[in-house]
Structures are given as C-alpha cells and as structure tokens.
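A.B. asks: Below is the structure I would like to discuss, written out as structure tokens.
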Amino acid sequence: QRTLKGADDFLGAAFYLGAAHAAAGRDKEAIGAWQMALLSDNPAAVYPVLVDALLRTGDGRQALDVLEEAPDAWPDDNERLKREALAQAMIGDYSGALPKLKDQLDNTSVDDQPLLFVAIQVLFKMHHQDKSLSPDNLDHFRKYVDRHQKMGGPNRALVETFAGFYSTQRTAMKNATDNAGEMLTVLRRTYNRARQANITQEIAEIVGGAAALD
C-alpha cells in the first residue's frame, strides 16, 4: 500500500484512490477510480478488485463484462469461476450459475458458507421459476441446506424458511397429484359404467328387434 501511495504513475494513483474509497465503504467511488485505472498500460491488477466492487454493489452484468474482458487476470481459475457464478446468479442466469457453484462446493474439504447460501438461493429460485427441481438438483438442495445449517450464521433462519417453503410446496404438489389421480380414476369408472350401460341398451334393442322379426 505504501508503494502504491508513493507511486507517481497514473495506475498507482488511480489504484490507491480506489482502494481508499473501498476501505471507507464507498464502492461506487472505488469503481469509478478503478475504471480510470483500466486506461493505463498494464491494468491486470485492477480487474479482480474492480469485479469484487461491482459484485458488492450488485452490478452482476458489468462484473460479467469485466470478467469476459480479462479472464486471465485471476491467477486461480476457481476464484474467477466463483465470481462468474455470483454475477450470473445476480442477473438471474441460474442455469449458468449452478454448474459453477456445484463445481466449487462439491470439490472442497472446507465449506464456503456465503457460497452455500448463494447456491441454496439459486436452487430455490429455480424451483420457484420452474415449479420443480430435477432429482439431482433436489439432492444438492438438501445437502447444501444441511451443510449451511450446521455452520450456523446470520442467514440460518432464512435458509430454514427456504427449506420449509420448498417442503410445503412439494407436499402440496404431491397432494394435488394424488387428488388428480383419484379424480381420474373416478372419471374412468363413471365413463366405463356409462359406456357399459349404452352397450347393454344397444344389445337389448338389437335383441328386441330380432324378437319382433320372429
């Protein structure tokens, strides 16, 4: 930080200005400073902090644009993919975000609770959007909820609400399906009885007609 503060080049000055704004919680101002820093000759170090600031302000669309512009700015691909997943979730691209979230969460020995929370929200919103989850996604939803709840944290009550709502919805859907099945059975029986009655009537008429001819 001292090196950046003492730098007399444009990149150093703009980077430090953005860092100062971010440290004070002024992410929008930090974004402006770091966007100016991108005009320098070697802005590679700016992309990661700029994307993080954009994600903190909820601007997933612009974060994706920056990620696409400099995919090699992250030395660790997992860190870049994690940010892509968060940005996609923010803009409602749940089918794009979910595979990346699964890859991050299913191949780690240490749980990332904020990422678990995002994955749970994505799966919950996919259920709300599509009215169902595939067996694989349902299994992941249950596992992520369990892993998140074991860690506690401020979002525990909200995750419990998600899980409870989903369970209630599934029960209601099952009851509706069962009721529809029972109704279909009754309708089939009623139709078959009516059909049999018509057949019996037709046979009686044919027999009656034949007897009259005799």
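Please note that chains go A, B, ... in the order of the structure tokens, that every chain numbers its residues from 1, and that ligands are numbered from 1 in the order shown.
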Just want the 6 Å neighbourhood of A:Ala85, counted on only C-alpha atoms, with same-chain residues fewer than 2 positions away dropped. Output as a PyMOL selection string.

C.D. replies: chain A and resi 82-83+87-88+97+100

A.B. asks: Need to verify the contact set: stretch 8-23 of chain A, 6 Å, only C-alpha atoms, exclusion of same-chain residues closer than 6 positions in sequence. Can you return it as a list in words?

C.D. replies: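 The residues that qualify are Ala30, Ala33, Trp34, Ala37 and Ser40 of chain A.
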
A.B. asks: Using DSSP assignments from the backbone, pull out every residue in stretch 33-154 of chain A that falls under helix (DSSP H, G or I) and give it to me as a ChimeraX atom specification.

C.D. replies: /A:33-37,46-56,60-69,71-73,77-90,94-106,113-130,135-151

A.B. asks: How many Å separate atom CA of A:Asn155 from atom CA of A:Arg26?

C.D. replies: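 Taking atom CA of A:Asn155 and atom CA of A:Arg26, their separation equals 24.6 Å.
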